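A.B. asks: Here it is, the structure in full.
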2 protein chains.
Amino acid sequence: MKSETSKRIERLLRSVGLRRTGPREAILGVLMRAGKPLTQEEIAAKLGAAIPNKVTIYRTLESFCKASLVHKAFMQKRAWHFELADRCTESQCHPHFTCKKCGVISCLVGLPVSIIKGVKKGFVIHRQRVQLEGLCPRCVGKKGR
Amino acid sequence: MKSETSKRIERLLRSVGLRRTGPREAILGVLMRAGKPLTQEEIAAKLGAAIPNKVTIYRTLESFCKASLVHKAFMQKRAWHFELADRCTESQCHPHFTCKKCGVISCLVGLPVSIIKGVKKGFVIHRQRVQLEGLCPRCVGKKGR
DNA sequence: CGCTAAATGCAACTAAGTTGCAAAAAAATT
DNA sequence: AATTTTTTTGCAACTTAGTTGCATTTAGCG
Ligand SMILES: [Zn+2]
Ligand SMILES: [Zn+2]
Ligand SMILES: [Zn+2]
Ligand SMILES: [Zn+2]
């Protein structure tokens with residue numbers, strides 16, 4: 001019998017008209033369980049057995065982005081971080097925090113983020129992204145570089 | 001007799017304790033004249049005659065960043081865009097807009113941007129970056145992809 | 001001028017992602 | 001169920017942006 005998650009994955013793929021395949025189900029599953037942005041490499045690592053080719057991972061993520069299931073949340077160290085789009089609204093992604101010292105990434109969901117006002121007339125804003133950097137609680141105390 | 005700009009460049013380099021060299025003066029000049037974020041390739045193109053080696057450009061930009069003269073404003077198409085830091089405050093860079101259709105980049109200076117509130121206790125925010133994407137006035141009218 | 005630390009140039013390298021194409025697997029048809 | 005069609009996958013080769021190591025040159029200083 002199928003797990004609740006795998007049924008949800010099935011439905012999701014159906015709903016956007018993408019064929020059900022091993023790699024797609026596995027990658028969606030990883031992103032659901034992670035609940036935070038992951039790079040291709042991190043996704044591959046979490047796929048455990050039967051890792052698809054990295055090209056397949058990239059193409060899968062790209063198709064998810066086209067279908068608005070996934071967002072490229074941000075780039076860090078020249079690598080895209082992908083996450084499920086289910087905690088973003090149409091016009092705004094939730095903000096992300098990165099710790100300068102330990103590199104930990106946090107999704108800042110559920111806090112009020114005002115869309116910027118006063119942009120010159122004529123511009124149409126589709127999406128706003130906010131990135132924060134600083135120190136996470138674990139690193140605030142530590143001293144040194 | 002020296003131009004006002006070149007005297008300003010001289011002073012800037014002095015003030016942060018960096019030696020005056022051809023590449024440094026030229027690159028600072030390019031960034032001043034541009035008034036918007038540029039990639040190393042764009043900088044090289046604007047340097048005209050006597051383009052320094054690209055490694056030198058990267059190292060120069062890196063030293064400017066360390067000295068807080070320049071910011072890595074954002075990454076686009078896997079390439080950093082560098083700009084003078086003189087229109088950012090300590091804790092916040094001015095937001096940037098990118099047109100999805102034509103790719104034009106605009107600095108949104110002088111508009112009120114509120115730093116995000118409600119981040120969980122313990123986090124220390126050093127810098128906030130806001131990115132907007134949408135359509136610029138010139139592209140709003142156009143139809144098609 | 002001559003010294004020394006810092007800056008530059010060059011070639012080789014790295015990391016992340018992309019492209020072209022043939023083989024495999026879904027879905028649609030018969 | 002077998003066949004056909006369409007989509008997806010894997011592999012190897014490639015691209016792009018940036019980095020590293022090291023030898024050479026140059027700025028700043030006495
Ligand atoms: Zn941390
Ligand atoms: Zn997130
Ligand atoms: Zn800035
Ligand atoms: Zn700017």
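Ordering of the structure tokens sets the chain letters (A, B, ...); residue numbers start at 1 within each chain; ligands are numbered from 1 in the order shown.
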I want to know what sits within 9 Å of segment 8-22 of chain C, based on only C-alpha atoms (C1' of nucleotides), with residues of the same chain fewer than 4 positions away left out; could you give that as a ChimeraX atom specification?
C.D. replies: /A:55,58,78-80 /B:52-53,55-56,78 /D:13-16,18-20,24-26
A.B. asks: Could the residues in this selection be saved with N, CA and C atoms (P, O5', C5', C4', C3', O3' and C1' of nucleotides) as a short mmCIF file (atom, residue, chain, number, x, y, z; two decimals), in the first residue's frame?
C.D. replies:
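The file below, part_36.cif, is the result:
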data_model
loop_
_atom_site.label_atom_id
_atom_site.label_comp_id
_atom_site.auth_asym_id
_atom_site.auth_seq_id
_atom_site.Cartn_x
_atom_site.Cartn_y
_atom_site.Cartn_z
N VAL A 55 22.58 15.26 -15.02
CA VAL A 55 21.84 15.97 -16.07
C VAL A 55 20.35 15.77 -15.86
N TYR A 58 19.13 18.00 -13.05
CA TYR A 58 18.96 19.39 -13.51
C TYR A 58 17.73 19.53 -14.39
N ARG A 78 27.85 30.15 -6.28
CA ARG A 78 27.64 29.84 -7.68
C ARG A 78 26.79 28.60 -7.93
N ALA A 79 26.01 28.21 -6.92
CA ALA A 79 25.15 27.03 -7.11
C ALA A 79 23.70 27.40 -6.77
N TRP A 80 22.80 27.02 -7.64
CA TRP A 80 21.40 27.27 -7.37
C TRP A 80 20.89 26.41 -6.23
N PRO B 52 43.52 44.98 -18.37
CA PRO B 52 44.36 44.08 -17.58
C PRO B 52 43.87 42.65 -17.71
N ASN B 53 44.67 41.74 -17.30
CA ASN B 53 44.30 40.33 -17.27
C ASN B 53 43.03 40.16 -16.43
N VAL B 55 42.26 37.94 -14.38
CA VAL B 55 42.57 37.59 -12.99
C VAL B 55 42.80 38.86 -12.18
N THR B 56 43.47 39.80 -12.79
CA THR B 56 43.71 41.08 -12.12
C THR B 56 42.39 41.80 -11.84
N ARG B 78 24.80 33.21 -13.28
CA ARG B 78 26.03 32.71 -12.69
C ARG B 78 27.19 33.68 -12.73
P DA D 13 34.26 11.92 -24.31
"O5'" DA D 13 33.91 13.34 -24.92
"C5'" DA D 13 32.94 13.44 -25.97
"C4'" DA D 13 32.51 14.89 -26.06
"C3'" DA D 13 33.67 15.87 -25.85
"O3'" DA D 13 33.58 16.90 -26.83
"C1'" DA D 13 31.91 16.35 -24.34
P DC D 14 34.60 18.14 -26.86
"O5'" DC D 14 33.75 19.33 -26.24
"C5'" DC D 14 32.43 19.55 -26.76
"C4'" DC D 14 31.74 20.63 -25.97
"C3'" DC D 14 32.59 21.87 -25.75
"O3'" DC D 14 31.85 22.97 -26.24
"C1'" DC D 14 31.56 21.16 -23.72
P DT D 15 32.58 24.42 -26.42
"O5'" DT D 15 31.91 25.23 -25.23
"C5'" DT D 15 30.49 25.26 -25.14
"C4'" DT D 15 30.11 26.01 -23.87
"C3'" DT D 15 30.95 27.28 -23.66
"O3'" DT D 15 30.05 28.35 -23.50
"C1'" DT D 15 30.90 25.94 -21.69
P DT D 16 30.55 29.85 -23.52
"O5'" DT D 16 29.78 30.54 -22.31
"C5'" DT D 16 29.09 29.77 -21.36
"C4'" DT D 16 29.48 30.16 -19.96
"C3'" DT D 16 30.30 31.45 -19.81
"O3'" DT D 16 29.58 32.27 -18.91
"C1'" DT D 16 31.27 29.67 -18.56
P DG D 18 32.02 35.68 -12.44
"O5'" DG D 18 33.19 34.94 -11.67
"C5'" DG D 18 32.80 33.89 -10.78
"C4'" DG D 18 34.00 33.05 -10.49
"C3'" DG D 18 35.16 33.80 -9.83
"O3'" DG D 18 35.33 33.26 -8.53
"C1'" DG D 18 35.90 32.26 -11.48
P DT D 19 36.51 33.78 -7.57
"O5'" DT D 19 37.61 32.63 -7.71
"C5'" DT D 19 37.19 31.28 -7.57
"C4'" DT D 19 38.41 30.40 -7.54
"C3'" DT D 19 39.55 30.93 -6.68
"O3'" DT D 19 40.01 29.83 -5.92
"C1'" DT D 19 40.35 30.51 -8.86
P DT D 20 41.10 30.00 -4.73
"O5'" DT D 20 42.42 29.34 -5.33
"C5'" DT D 20 42.33 28.17 -6.12
"C4'" DT D 20 43.72 27.75 -6.55
"C3'" DT D 20 44.86 28.26 -5.67
"O3'" DT D 20 45.78 27.20 -5.46
"C1'" DT D 20 45.19 28.94 -7.90
P DT D 24 60.68 34.36 -14.03
"O5'" DT D 24 59.87 35.73 -14.10
"C5'" DT D 24 58.96 35.95 -15.18
"C4'" DT D 24 58.34 37.31 -15.01
"C3'" DT D 24 59.34 38.48 -14.97
"O3'" DT D 24 58.94 39.43 -15.94
"C1'" DT D 24 57.79 38.63 -13.18
P DT D 25 59.72 40.81 -16.16
"O5'" DT D 25 58.79 41.85 -15.39
"C5'" DT D 25 57.43 41.99 -15.80
"C4'" DT D 25 56.75 42.94 -14.83
"C3'" DT D 25 57.39 44.32 -14.77
"O3'" DT D 25 56.37 45.24 -15.07
"C1'" DT D 25 56.95 43.47 -12.59
P DT D 26 56.61 46.80 -15.19
"O5'" DT D 26 56.14 47.32 -13.76
"C5'" DT D 26 54.78 47.12 -13.39
"C4'" DT D 26 54.59 47.63 -11.99
"C3'" DT D 26 55.11 49.05 -11.77
"O3'" DT D 26 54.05 49.74 -11.14
"C1'" DT D 26 55.91 47.62 -10.09
#
A.B. asks: For DT7 of chain D, list every protein, DNA or RNA residue within 9 Å, evaluated using only C-alpha atoms (C1' of nucleotides), and leave out those in the same chain fewer than 3 positions away; present the list as a list in words.
C.D. replies: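 In the requested form, the answer reads Arg19 of chain A; DA25, DA26 and DA27 of chain C.
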A.B. asks: Write out as a short mmCIF file (atom, residue, chain, number, x, y, z; two decimals) with N, CA, C and O atoms, in the first residue's frame each polymer residue (protein, DNA or RNA) that has an atom no more than 10 Å from ligand 2, with only C-alpha atoms (C1' of nucleotides) and all ligand atoms counted.
C.D. replies:
data_model
loop_
_atom_site.label_atom_id
_atom_site.label_comp_id
_atom_site.auth_asym_id
_atom_site.auth_seq_id
_atom_site.Cartn_x
_atom_site.Cartn_y
_atom_site.Cartn_z
N GLY A 35 12.40 20.52 3.09
CA GLY A 35 11.77 21.75 3.59
C GLY A 35 12.66 22.96 3.57
O GLY A 35 12.41 23.94 4.25
N LYS A 36 13.72 22.91 2.81
CA LYS A 36 14.62 24.07 2.64
C LYS A 36 15.35 23.91 1.32
O LYS A 36 15.38 22.82 0.76
N PRO A 37 15.95 24.98 0.83
CA PRO A 37 16.56 24.93 -0.49
C PRO A 37 17.79 24.02 -0.52
O PRO A 37 18.60 24.03 0.41
N LEU A 38 17.88 23.24 -1.58
CA LEU A 38 18.99 22.31 -1.75
C LEU A 38 19.63 22.49 -3.13
O LEU A 38 18.95 22.82 -4.09
N HIS A 71 10.94 26.45 -6.97
CA HIS A 71 11.60 27.73 -7.26
C HIS A 71 13.10 27.59 -7.14
O HIS A 71 13.58 26.82 -6.31
N LYS A 72 13.79 28.35 -7.96
CA LYS A 72 15.21 28.56 -7.71
C LYS A 72 15.25 29.62 -6.62
O LYS A 72 15.03 30.80 -6.90
N ALA A 73 15.48 29.22 -5.39
CA ALA A 73 15.34 30.16 -4.29
C ALA A 73 16.43 31.22 -4.34
O ALA A 73 16.15 32.41 -4.22
N PHE A 74 17.67 30.80 -4.50
CA PHE A 74 18.77 31.76 -4.61
C PHE A 74 20.00 30.99 -5.01
O PHE A 74 20.03 29.76 -5.01
N HIS A 81 20.00 26.99 -5.42
CA HIS A 81 19.34 26.25 -4.36
C HIS A 81 17.86 26.15 -4.72
O HIS A 81 17.21 27.18 -4.88
N PHE A 82 17.38 24.93 -4.83
CA PHE A 82 16.01 24.68 -5.26
C PHE A 82 15.14 24.29 -4.07
O PHE A 82 15.58 23.55 -3.20
N GLU A 83 13.89 24.76 -4.09
CA GLU A 83 12.98 24.32 -3.04
C GLU A 83 11.55 24.31 -3.57
O GLU A 83 11.24 24.95 -4.57
N LEU A 84 10.71 23.57 -2.89
CA LEU A 84 9.30 23.55 -3.27
C LEU A 84 8.74 24.96 -3.18
O LEU A 84 9.08 25.72 -2.28
N ALA A 85 7.83 25.26 -4.11
CA ALA A 85 7.30 26.62 -4.17
C ALA A 85 6.08 26.78 -3.27
O ALA A 85 5.46 27.84 -3.25
N ASP A 86 5.76 25.75 -2.49
CA ASP A 86 4.47 25.79 -1.78
C ASP A 86 4.42 26.75 -0.59
O ASP A 86 3.36 26.95 -0.01
N ARG A 87 5.53 27.37 -0.25
CA ARG A 87 5.47 28.35 0.83
C ARG A 87 5.79 29.76 0.32
O ARG A 87 6.22 30.62 1.07
N CYS A 88 5.59 29.95 -0.97
CA CYS A 88 5.74 31.28 -1.58
C CYS A 88 4.39 31.67 -2.17
O CYS A 88 3.61 30.80 -2.54
N CYS A 93 8.49 35.39 -2.90
CA CYS A 93 9.07 34.22 -2.26
C CYS A 93 9.34 34.57 -0.80
O CYS A 93 9.59 35.73 -0.48
N HIS A 94 9.28 33.58 0.06
CA HIS A 94 9.64 33.88 1.45
C HIS A 94 11.14 34.19 1.50
O HIS A 94 11.91 33.67 0.69
N PRO A 95 11.54 35.03 2.43
CA PRO A 95 12.95 35.43 2.52
C PRO A 95 13.83 34.28 3.04
O PRO A 95 13.32 33.34 3.66
N HIS A 96 15.09 34.39 2.76
CA HIS A 96 16.05 33.40 3.25
C HIS A 96 17.19 34.07 3.99
O HIS A 96 17.65 35.14 3.62
N PHE A 97 17.61 33.39 5.02
CA PHE A 97 18.72 33.87 5.83
C PHE A 97 19.90 32.92 5.66
O PHE A 97 19.72 31.71 5.65
N ILE A 105 21.33 27.72 6.30
CA ILE A 105 20.29 28.46 5.59
C ILE A 105 18.97 28.28 6.32
O ILE A 105 18.62 27.16 6.68
N SER A 106 18.24 29.37 6.53
CA SER A 106 16.91 29.25 7.13
C SER A 106 15.86 29.90 6.25
O SER A 106 16.07 31.01 5.75
N CYS A 107 14.74 29.22 6.10
CA CYS A 107 13.60 29.80 5.41
C CYS A 107 12.84 30.65 6.42
O CYS A 107 12.50 30.16 7.49
N LEU A 108 12.57 31.88 6.06
CA LEU A 108 11.81 32.74 6.97
C LEU A 108 10.36 32.76 6.50
O LEU A 108 9.95 33.64 5.76
N VAL A 109 9.64 31.72 6.94
CA VAL A 109 8.26 31.63 6.50
C VAL A 109 7.34 32.22 7.56
O VAL A 109 7.66 32.22 8.74
#
A.B. asks: From segment 22-119 of chain B, collect each residue whose DSSP state is alpha helix (DSSP H) and return the set as a PDB file with N, CA, C and O atoms, in the first residue's frame.
C.D. replies:
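So the final result, stored in result.pdb, reads:
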ATOM      1  N   GLY B  22      47.495  51.227 -12.163  1.00  0.00           N
ATOM      2  CA  GLY B  22      46.692  51.448 -13.358  1.00  0.00           C
ATOM      3  C   GLY B  22      45.375  50.717 -13.328  1.00  0.00           C
ATOM      4  O   GLY B  22      44.306  51.328 -13.428  1.00  0.00           O
ATOM      5  N   PRO B  23      45.419  49.390 -13.188  1.00  0.00           N
ATOM      6  CA  PRO B  23      44.171  48.615 -13.184  1.00  0.00           C
ATOM      7  C   PRO B  23      43.179  49.113 -12.142  1.00  0.00           C
ATOM      8  O   PRO B  23      41.985  49.250 -12.426  1.00  0.00           O
ATOM      9  N   ARG B  24      43.645  49.421 -10.954  1.00  0.00           N
ATOM     10  CA  ARG B  24      42.714  49.845  -9.901  1.00  0.00           C
ATOM     11  C   ARG B  24      42.032  51.151 -10.256  1.00  0.00           C
ATOM     12  O   ARG B  24      40.812  51.287 -10.114  1.00  0.00           O
ATOM     13  N   GLU B  25      42.823  52.108 -10.724  1.00  0.00           N
ATOM     14  CA  GLU B  25      42.214  53.396 -11.072  1.00  0.00           C
ATOM     15  C   GLU B  25      41.235  53.230 -12.215  1.00  0.00           C
ATOM     16  O   GLU B  25      40.131  53.768 -12.189  1.00  0.00           O
ATOM     17  N   ALA B  26      41.631  52.443 -13.199  1.00  0.00           N
ATOM     18  CA  ALA B  26      40.765  52.273 -14.361  1.00  0.00           C
ATOM     19  C   ALA B  26      39.455  51.594 -13.970  1.00  0.00           C
ATOM     20  O   ALA B  26      38.368  52.007 -14.382  1.00  0.00           O
ATOM     21  N   ILE B  27      39.544  50.552 -13.149  1.00  0.00           N
ATOM     22  CA  ILE B  27      38.337  49.801 -12.781  1.00  0.00           C
ATOM     23  C   ILE B  27      37.412  50.657 -11.915  1.00  0.00           C
ATOM     24  O   ILE B  27      36.201  50.683 -12.118  1.00  0.00           O
ATOM     25  N   LEU B  28      37.994  51.373 -10.967  1.00  0.00           N
ATOM     26  CA  LEU B  28      37.154  52.276 -10.154  1.00  0.00           C
ATOM     27  C   LEU B  28      36.460  53.285 -11.052  1.00  0.00           C
ATOM     28  O   LEU B  28      35.268  53.561 -10.888  1.00  0.00           O
ATOM     29  N   GLY B  29      37.193  53.812 -12.014  1.00  0.00           N
ATOM     30  CA  GLY B  29      36.607  54.788 -12.940  1.00  0.00           C
ATOM     31  C   GLY B  29      35.426  54.201 -13.699  1.00  0.00           C
ATOM     32  O   GLY B  29      34.369  54.828 -13.807  1.00  0.00           O
ATOM     33  N   VAL B  30      35.615  52.996 -14.181  1.00  0.00           N
ATOM     34  CA  VAL B  30      34.524  52.340 -14.911  1.00  0.00           C
ATOM     35  C   VAL B  30      33.294  52.190 -14.021  1.00  0.00           C
ATOM     36  O   VAL B  30      32.168  52.494 -14.439  1.00  0.00           O
ATOM     37  N   LEU B  31      33.506  51.750 -12.794  1.00  0.00           N
ATOM     38  CA  LEU B  31      32.367  51.553 -11.896  1.00  0.00           C
ATOM     39  C   LEU B  31      31.674  52.865 -11.565  1.00  0.00           C
ATOM     40  O   LEU B  31      30.451  52.930 -11.474  1.00  0.00           O
ATOM     41  N   MET B  32      32.461  53.920 -11.411  1.00  0.00           N
ATOM     42  CA  MET B  32      31.862  55.230 -11.120  1.00  0.00           C
ATOM     43  C   MET B  32      31.007  55.696 -12.286  1.00  0.00           C
ATOM     44  O   MET B  32      29.883  56.143 -12.104  1.00  0.00           O
ATOM     45  N   ARG B  33      31.560  55.595 -13.478  1.00  0.00           N
ATOM     46  CA  ARG B  33      30.831  56.068 -14.646  1.00  0.00           C
ATOM     47  C   ARG B  33      29.586  55.229 -14.905  1.00  0.00           C
ATOM     48  O   ARG B  33      28.551  55.747 -15.315  1.00  0.00           O
ATOM     49  N   ALA B  34      29.687  53.922 -14.629  1.00  0.00           N
ATOM     50  CA  ALA B  34      28.557  53.040 -14.923  1.00  0.00           C
ATOM     51  C   ALA B  34      27.360  53.348 -14.030  1.00  0.00           C
ATOM     52  O   ALA B  34      26.229  53.420 -14.488  1.00  0.00           O
ATOM     53  N   GLN B  40      32.533  41.183 -14.508  1.00  0.00           N
ATOM     54  CA  GLN B  40      33.940  41.401 -14.859  1.00  0.00           C
ATOM     55  C   GLN B  40      34.071  41.540 -16.368  1.00  0.00           C
ATOM     56  O   GLN B  40      34.857  42.340 -16.862  1.00  0.00           O
ATOM     57  N   GLU B  41      33.263  40.817 -17.108  1.00  0.00           N
ATOM     58  CA  GLU B  41      33.349  40.895 -18.565  1.00  0.00           C
ATOM     59  C   GLU B  41      32.950  42.282 -19.067  1.00  0.00           C
ATOM     60  O   GLU B  41      33.606  42.843 -19.936  1.00  0.00           O
ATOM     61  N   GLU B  42      31.871  42.812 -18.474  1.00  0.00           N
ATOM     62  CA  GLU B  42      31.433  44.150 -18.873  1.00  0.00           C
ATOM     63  C   GLU B  42      32.476  45.197 -18.494  1.00  0.00           C
ATOM     64  O   GLU B  42      32.728  46.138 -19.246  1.00  0.00           O
ATOM     65  N   ILE B  43      33.077  44.997 -17.336  1.00  0.00           N
ATOM     66  CA  ILE B  43      34.115  45.924 -16.912  1.00  0.00           C
ATOM     67  C   ILE B  43      35.269  45.870 -17.898  1.00  0.00           C
ATOM     68  O   ILE B  43      35.753  46.898 -18.373  1.00  0.00           O
ATOM     69  N   ALA B  44      35.690  44.662 -18.237  1.00  0.00           N
ATOM     70  CA  ALA B  44      36.796  44.504 -19.192  1.00  0.00           C
ATOM     71  C   ALA B  44      36.478  45.228 -20.489  1.00  0.00           C
ATOM     72  O   ALA B  44      37.304  45.957 -21.032  1.00  0.00           O
ATOM     73  N   ALA B  45      35.245  45.049 -20.969  1.00  0.00           N
ATOM     74  CA  ALA B  45      34.860  45.669 -22.236  1.00  0.00           C
ATOM     75  C   ALA B  45      34.959  47.191 -22.162  1.00  0.00           C
ATOM     76  O   ALA B  45      35.352  47.834 -23.122  1.00  0.00           O
ATOM     77  N   LYS B  46      34.611  47.755 -21.001  1.00  0.00           N
ATOM     78  CA  LYS B  46      34.616  49.204 -20.867  1.00  0.00           C
ATOM     79  C   LYS B  46      36.005  49.769 -20.603  1.00  0.00           C
ATOM     80  O   LYS B  46      36.196  50.977 -20.606  1.00  0.00           O
ATOM     81  N   LYS B  54      42.191  39.219 -16.817  1.00  0.00           N
ATOM     82  CA  LYS B  54      40.927  39.059 -16.074  1.00  0.00           C
ATOM     83  C   LYS B  54      41.174  38.656 -14.624  1.00  0.00           C
ATOM     84  O   LYS B  54      40.409  39.036 -13.744  1.00  0.00           O
ATOM     85  N   VAL B  55      42.256  37.936 -14.382  1.00  0.00           N
ATOM     86  CA  VAL B  55      42.574  37.585 -12.991  1.00  0.00           C
ATOM     87  C   VAL B  55      42.801  38.859 -12.181  1.00  0.00           C
ATOM     88  O   VAL B  55      42.350  38.966 -11.048  1.00  0.00           O
ATOM     89  N   THR B  56      43.469  39.801 -12.793  1.00  0.00           N
ATOM     90  CA  THR B  56      43.710  41.075 -12.119  1.00  0.00           C
ATOM     91  C   THR B  56      42.391  41.795 -11.836  1.00  0.00           C
ATOM     92  O   THR B  56      42.202  42.348 -10.755  1.00  0.00           O
ATOM     93  N   ILE B  57      41.497  41.752 -12.791  1.00  0.00           N
ATOM     94  CA  ILE B  57      40.204  42.395 -12.568  1.00  0.00           C
ATOM     95  C   ILE B  57      39.500  41.751 -11.375  1.00  0.00           C
ATOM     96  O   ILE B  57      39.039  42.440 -10.473  1.00  0.00           O
ATOM     97  N   TYR B  58      39.455  40.438 -11.360  1.00  0.00           N
ATOM     98  CA  TYR B  58      38.801  39.759 -10.229  1.00  0.00           C
ATOM     99  C   TYR B  58      39.484  40.093  -8.915  1.00  0.00           C
ATOM    100  O   TYR B  58      38.822  40.362  -7.918  1.00  0.00           O
ATOM    101  N   ARG B  59      40.819  40.083  -8.926  1.00  0.00           N
ATOM    102  CA  ARG B  59      41.508  40.347  -7.668  1.00  0.00           C
ATOM    103  C   ARG B  59      41.320  41.798  -7.236  1.00  0.00           C
ATOM    104  O   ARG B  59      41.181  42.090  -6.045  1.00  0.00           O
ATOM    105  N   THR B  60      41.284  42.674  -8.182  1.00  0.00           N
ATOM    106  CA  THR B  60      41.039  44.080  -7.867  1.00  0.00           C
ATOM    107  C   THR B  60      39.656  44.250  -7.250  1.00  0.00           C
ATOM    108  O   THR B  60      39.492  44.881  -6.205  1.00  0.00           O
ATOM    109  N   LEU B  61      38.673  43.645  -7.885  1.00  0.00           N
ATOM    110  CA  LEU B  61      37.309  43.761  -7.359  1.00  0.00           C
ATOM    111  C   LEU B  61      37.235  43.170  -5.966  1.00  0.00           C
ATOM    112  O   LEU B  61      36.592  43.721  -5.070  1.00  0.00           O
ATOM    113  N   GLU B  62      37.905  42.049  -5.770  1.00  0.00           N
ATOM    114  CA  GLU B  62      37.896  41.410  -4.467  1.00  0.00           C
ATOM    115  C   GLU B  62      38.498  42.344  -3.418  1.00  0.00           C
ATOM    116  O   GLU B  62      37.942  42.494  -2.325  1.00  0.00           O
ATOM    117  N   SER B  63      39.594  43.000  -3.767  1.00  0.00           N
ATOM    118  CA  SER B  63      40.212  43.906  -2.791  1.00  0.00           C
ATOM    119  C   SER B  63      39.297  45.111  -2.512  1.00  0.00           C
ATOM    120  O   SER B  63      39.219  45.579  -1.380  1.00  0.00           O
ATOM    121  N   PHE B  64      38.584  45.565  -3.518  1.00  0.00           N
ATOM    122  CA  PHE B  64      37.632  46.661  -3.306  1.00  0.00           C
ATOM    123  C   PHE B  64      36.495  46.206  -2.381  1.00  0.00           C
ATOM    124  O   PHE B  64      36.029  46.964  -1.545  1.00  0.00           O
ATOM    125  N   CYS B  65      36.059  44.963  -2.567  1.00  0.00           N
ATOM    126  CA  CYS B  65      34.995  44.447  -1.693  1.00  0.00           C
ATOM    127  C   CYS B  65      35.477  44.382  -0.247  1.00  0.00           C
ATOM    128  O   CYS B  65      34.767  44.788   0.665  1.00  0.00           O
ATOM    129  N   LYS B  66      36.683  43.861  -0.067  1.00  0.00           N
ATOM    130  CA  LYS B  66      37.249  43.776   1.286  1.00  0.00           C
ATOM    131  C   LYS B  66      37.312  45.155   1.928  1.00  0.00           C
ATOM    132  O   LYS B  66      37.093  45.305   3.122  1.00  0.00           O
TER     133      LYS B  66
END
A.B. asks: Output as CSV one row per residue of chain B within 12 Å of ligand 1: the closest atom pair and its distance in Å to one decimal place, counting only C-alpha atoms and all ligand atoms, sorted by chain and residue number ascending.
C.D. replies:
residue,atom,partner,partner_atom_place_in_ligand_line,distance
B:Gly122,CA,ligand 1,1 (Zn),10.6
B:Phe123,CA,ligand 1,1 (Zn),8.9
B:Val124,CA,ligand 1,1 (Zn),9.9
B:Ile125,CA,ligand 1,1 (Zn),11.5
A.B. asks: Within 10 Å of chain B, which residues of chain A show up when using only C-alpha atoms, listed as a ChimeraX atom specification?
C.D. replies: /A:74-80,91-92,95-100,108-141
A.B. asks: Could the residues in this selection be saved with C-alpha atoms as a short mmCIF file (atom, residue, chain, number, x, y, z; two decimals), in the first residue's frame?
C.D. replies:
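Output file selection_3.cif is given in full below:
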data_model
loop_
_atom_site.label_atom_id
_atom_site.label_comp_id
_atom_site.auth_asym_id
_atom_site.auth_seq_id
_atom_site.Cartn_x
_atom_site.Cartn_y
_atom_site.Cartn_z
CA PHE A 74 18.77 31.76 -4.61
CA MET A 75 22.28 31.18 -5.72
CA GLN A 76 25.07 30.69 -3.29
CA LYS A 77 28.69 29.88 -4.07
CA ARG A 78 27.64 29.84 -7.68
CA ALA A 79 25.15 27.03 -7.11
CA TRP A 80 21.40 27.27 -7.37
CA SER A 91 4.34 37.63 -6.19
CA GLN A 92 6.70 36.91 -3.41
CA PRO A 95 12.95 35.43 2.52
CA HIS A 96 16.05 33.40 3.25
CA PHE A 97 18.72 33.87 5.83
CA THR A 98 22.28 32.65 5.48
CA CYS A 99 24.77 32.55 8.32
CA LYS A 100 28.07 34.11 7.25
CA LEU A 108 11.81 32.74 6.97
CA VAL A 109 8.26 31.63 6.50
CA GLY A 110 5.20 33.20 8.02
CA LEU A 111 6.59 36.59 8.71
CA PRO A 112 5.16 39.74 7.24
CA VAL A 113 7.17 40.98 4.28
CA SER A 114 6.03 44.14 2.62
CA ILE A 115 6.46 44.43 -1.08
CA ILE A 116 8.60 47.40 -1.93
CA LYS A 117 6.74 50.61 -2.69
CA GLY A 118 7.63 53.61 -4.76
CA VAL A 119 9.19 51.92 -7.76
CA LYS A 120 9.16 54.30 -10.74
CA LYS A 121 6.02 54.35 -12.84
CA GLY A 122 5.88 51.92 -15.70
CA PHE A 123 7.71 49.04 -14.05
CA VAL A 124 5.67 45.90 -13.45
CA ILE A 125 6.92 43.83 -10.54
CA HIS A 126 6.36 40.11 -10.83
CA ARG A 127 8.36 38.80 -7.95
CA GLN A 128 10.33 40.07 -4.99
CA ARG A 129 13.12 38.16 -3.36
CA VAL A 130 14.69 39.05 -0.04
CA GLN A 131 18.00 37.68 1.18
CA LEU A 132 19.41 38.23 4.63
CA GLU A 133 22.87 37.50 5.87
CA GLY A 134 24.29 37.63 9.32
CA LEU A 135 24.92 35.27 12.20
CA CYS A 136 22.72 32.43 13.33
CA PRO A 137 22.06 31.88 17.05
CA ARG A 138 24.67 29.14 17.26
CA CYS A 139 27.34 31.39 15.74
CA VAL A 140 26.53 34.64 17.54
CA GLY A 141 28.35 33.59 20.65
#
A.B. asks: Taking the chain letters and numbering used in this document, name the residues of chain A that DSSP puts in strand (DSSP E), as a PyMOL selection string.
C.D. replies: chain A and resi 70-76+79-84+96-99+105-107+124-135
A.B. asks: Would you list the contacts of DT4 of chain D as a list in words, taking every protein, DNA or RNA residue within 9 Å and counting only C-alpha atoms (C1' of nucleotides), but skipping same-chain residues closer than 4 positions in sequence?
C.D. replies: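 Listed by chain and then number, they are DA28, DT29 and DT30 of chain C.
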